[in-house]
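Visitor: Next up, data-v3.pdb (PDB, C-alpha atoms, pLDDT in the B column).
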```
MODEL        1
ATOM      1  CA  PRO A 243      74.264 127.270  60.283  1.00 83.00           C
ATOM      2  CA  THR A 244      75.018 130.322  62.359  1.00 87.00           C
ATOM      3  CA  PRO A 245      75.008 129.492  66.081  1.00 89.00           C
ATOM      4  CA  PRO A 246      72.144 131.167  67.981  1.00 86.00           C
ATOM      5  CA  SER A 247      74.638 132.862  70.302  1.00 86.00           C
ATOM      6  CA  HIS A 248      75.923 134.837  67.296  1.00 89.00           C
ATOM      7  CA  LEU A 249      72.425 136.139  66.520  1.00 85.00           C
ATOM      8  CA  THR A 250      71.430 137.557  69.871  1.00 82.00           C
ATOM      9  CA  LYS A 251      72.868 139.641  72.662  1.00 80.00           C
ATOM     10  CA  SER A 252      71.201 137.319  75.172  1.00 77.00           C
ATOM     11  CA  PRO A 253      73.265 134.421  76.490  1.00 82.00           C
ATOM     12  CA  VAL A 254      72.464 131.024  74.986  1.00 84.00           C
ATOM     13  CA  PRO A 255      73.362 127.999  77.130  1.00 86.00           C
ATOM     14  CA  PRO A 256      75.926 125.825  75.312  1.00 89.00           C
ATOM     15  CA  ASP A 257      73.832 122.663  75.585  1.00 91.00           C
ATOM     16  CA  LEU A 258      70.773 124.398  74.100  1.00 90.00           C
ATOM     17  CA  GLU A 259      72.871 125.896  71.309  1.00 91.00           C
ATOM     18  CA  ALA A 260      74.294 122.463  70.483  1.00 93.00           C
ATOM     19  CA  LEU A 261      70.773 121.034  70.320  1.00 94.00           C
ATOM     20  CA  VAL A 262      69.542 123.839  68.047  1.00 92.00           C
ATOM     21  CA  LEU A 263      72.485 123.271  65.714  1.00 93.00           C
ATOM     22  CA  LYS A 264      71.781 119.534  65.779  1.00 95.00           C
ATOM     23  CA  CYS A 265      68.171 120.240  64.742  1.00 94.00           C
ATOM     24  CA  LEU A 266      69.423 122.413  61.867  1.00 93.00           C
ATOM     25  CA  SER A 267      71.831 119.777  60.577  1.00 93.00           C
ATOM     26  CA  LYS A 268      71.635 119.114  56.842  1.00 93.00           C
ATOM     27  CA  LYS A 269      72.004 115.380  57.474  1.00 95.00           C
ATOM     28  CA  PRO A 270      68.689 113.907  58.701  1.00 93.00           C
ATOM     29  CA  GLY A 271      70.559 111.238  60.666  1.00 94.00           C
ATOM     30  CA  ASP A 272      72.227 113.932  62.771  1.00 95.00           C
ATOM     31  CA  ARG A 273      68.881 115.462  63.839  1.00 95.00           C
ATOM     32  CA  PRO A 274      66.571 114.150  66.573  1.00 96.00           C
ATOM     33  CA  ASN A 275      64.509 111.322  65.062  1.00 95.00           C
ATOM     34  CA  THR A 276      61.224 112.060  66.800  1.00 95.00           C
ATOM     35  CA  ALA A 277      59.445 114.864  68.611  1.00 95.00           C
ATOM     36  CA  GLU A 278      59.742 112.791  71.773  1.00 95.00           C
ATOM     37  CA  GLU A 279      63.533 112.585  71.367  1.00 95.00           C
ATOM     38  CA  LEU A 280      63.660 116.369  70.904  1.00 94.00           C
ATOM     39  CA  LYS A 281      61.434 116.906  73.944  1.00 91.00           C
ATOM     40  CA  GLU A 282      63.746 114.743  76.074  1.00 91.00           C
ATOM     41  CA  ALA A 283      66.837 116.554  74.791  1.00 92.00           C
ATOM     42  CA  LEU A 284      65.259 119.929  75.587  1.00 88.00           C
ATOM     43  CA  ALA A 285      64.303 118.761  79.074  1.00 86.00           C
ATOM     44  CA  ALA A 286      67.895 117.655  79.650  1.00 88.00           C
ATOM     45  CA  CYS A 287      69.260 121.117  78.868  1.00 86.00           C
ATOM     46  CA  ALA A 288      70.614 123.041  81.849  1.00 74.00           C
ATOM     47  CA  ARG A 289      67.903 125.656  81.593  1.00 67.00           C
ATOM     48  CA  SER A 290      64.871 123.533  80.879  1.00 62.00           C
ATOM     49  CA  SER A 291      62.317 125.832  82.490  1.00 63.00           C
ATOM     50  CA  PRO A 292      60.242 127.914  80.078  1.00 68.00           C
ATOM     51  CA  TRP A 293      60.877 131.596  79.586  1.00 72.00           C
ATOM     52  CA  ASN A 294      58.649 133.999  81.360  1.00 79.00           C
ATOM     53  CA  ALA A 295      56.790 136.650  79.339  1.00 81.00           C
ATOM     54  CA  ALA A 296      59.323 139.399  80.128  1.00 85.00           C
ATOM     55  CA  GLU A 297      62.282 137.280  78.959  1.00 81.00           C
ATOM     56  CA  ALA A 298      60.501 136.357  75.728  1.00 79.00           C
ATOM     57  CA  GLN A 299      59.610 139.996  75.061  1.00 83.00           C
ATOM     58  CA  ASP A 300      63.212 141.106  75.667  1.00 82.00           C
ATOM     59  CA  PHE A 301      64.493 138.414  73.289  1.00 77.00           C
ATOM     60  CA  TRP A 302      62.110 139.298  70.459  1.00 79.00           C
ATOM     61  CA  GLN A 303      62.657 143.024  70.943  1.00 82.00           C
ATOM     62  CA  GLY A 304      66.390 142.449  70.552  1.00 77.00           C
ATOM     63  CA  MET A 305      65.797 140.387  67.415  1.00 73.00           C
ATOM     64  CA  ARG A 306      63.627 143.135  65.901  1.00 72.00           C
ATOM     65  CA  SER A 307      66.206 145.822  66.587  1.00 69.00           C
ATOM     66  CA  ASP A 308      69.107 143.842  65.091  1.00 60.00           C
ATOM     67  CA  SER A 309      68.884 144.311  61.316  1.00 55.00           C
ATOM     68  CA  SER A 310      71.658 141.763  60.743  1.00 52.00           C
ATOM     69  CA  VAL A 311      69.280 139.079  62.006  1.00 49.00           C
ATOM     70  CA  ARG A 312      66.453 140.179  59.707  1.00 49.00           C
ATOM     71  CA  GLN A 313      68.609 140.467  56.612  1.00 49.00           C
ATOM     72  CA  GLY A 314      71.142 138.096  55.183  1.00 46.00           C
ATOM     73  CA  VAL A 315      72.891 137.422  51.942  1.00 38.00           C
ATOM     74  CA  ARG A 316      72.612 134.206  49.960  1.00 40.00           C
ATOM     75  CA  GLY A 317      75.027 134.183  47.042  1.00 39.00           C
ATOM     76  CA  ASP A 318      74.523 137.513  45.324  1.00 35.00           C
ATOM     77  CA  ALA A 319      70.847 137.836  46.281  1.00 38.00           C
ATOM     78  CA  SER A 320      69.757 139.669  49.389  1.00 38.00           C
ATOM     79  CA  VAL A 321      67.241 137.818  51.538  1.00 38.00           C
ATOM     80  CA  ARG A 322      64.862 139.568  53.932  1.00 41.00           C
ATOM     81  CA  ILE A 323      63.173 137.539  56.645  1.00 41.00           C
ATOM     82  CA  ARG A 324      59.601 138.628  57.209  1.00 41.00           C
ATOM     83  CA  THR A 325      59.053 140.522  60.438  1.00 41.00           C
ATOM     84  CA  ASN A 326      56.374 142.795  61.832  1.00 42.00           C
ATOM     85  CA  ASP A 327      58.434 145.754  60.603  1.00 43.00           C
ATOM     86  CA  ARG A 328      57.086 147.488  57.547  1.00 45.00           C
ATOM     87  CA  PRO A 329      59.605 147.837  54.718  1.00 47.00           C
ATOM     88  CA  SER A 330      60.740 151.380  54.117  1.00 47.00           C
ATOM     89  CA  ALA A 331      59.574 152.923  50.843  1.00 46.00           C
TER
ENDMDL
END
```
Kindly transcribe the structure held in the file into structure tokens.

Guide:
Amino acid sequence: PTPPSHLTKSPVPPDLEALVLKCLSKKPGDRPNTAEELKEALAACARSSPWNAAEAQDFWQGMRSDSSVRQGVRGDASVRIRTNDRPSA
């Protein structure tokens, strides 16, 4: 999978990025086994405090403005990820 740091202009702490990639692993044995294990791994990340509303809004605004995040290519078929944006006619 594409690392989160490649999909956003915002910095992603390395330990959080590693955990996200671990969660996205194709091999089930490589992913956290339980929600509790994931919760503990998240709490152990360097930045374990939740985002405030302004940080979350900035993140999602950046995601909406970056068309490369909303669109991707799988094989020869274009894939569009659903967003609040209306498709152009």

Visitor: Can you turn the PyMOL selection byres ((chain A and resi 263) around 9) into a concrete residue list for this file, as a ChimeraX atom specification?

Guide: /A:243-246,258-262,264-267,273

Visitor: Would you please work out which residue, of A:Lys268, A:Thr250, A:Asp257, A:Ala298, is nearest to Ala285 of chain A when using only C-alpha atoms?

Guide: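 Residue with the minimum atom-to-atom distance to Ala285 of chain A: A:Asp257.
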
Visitor: Could you tell me how far atom CA of Ala286 of chain A sits from atom CA of Gly271 of chain A, in Å to one decimal place?

Guide: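 For atom CA of Gly271 of chain A relative to atom CA of Ala286 of chain A, the distance reads 20.2 Å.
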
Visitor: Expressed in Å to a single decimal, how great is the separation between atom CA of Leu249 of chain A and atom CA of Asp300 of chain A?

Guide: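 Distance reported for this atom pair: 13.9 Å.
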
Visitor: Which value, in Å to one decimal, gives the distance between atom CA of Ala288 of chain A and atom CA of Pro255 of chain A?

Guide: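 One can read the atom CA of Ala288 of chain A to atom CA of Pro255 of chain A distance as 7.4 Å.
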
Visitor: Looking at only C-alpha atoms, which of A:Pro274, A:Lys269, A:Ala296, A:Cys287 is the one that sits closest to Val254 of chain A?

Guide: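 The shortest atom-to-atom distance to Val254 of chain A comes from A:Cys287.
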
Visitor: Calculated over all atoms listed in the file, which of the candidates A:Arg306, A:Ala277, A:Trp293, A:Phe301 has the smallest distance to Lys251 of chain A?

Guide: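 Using all atoms listed in the file, the shortest distance to Lys251 of chain A belongs to A:Phe301.
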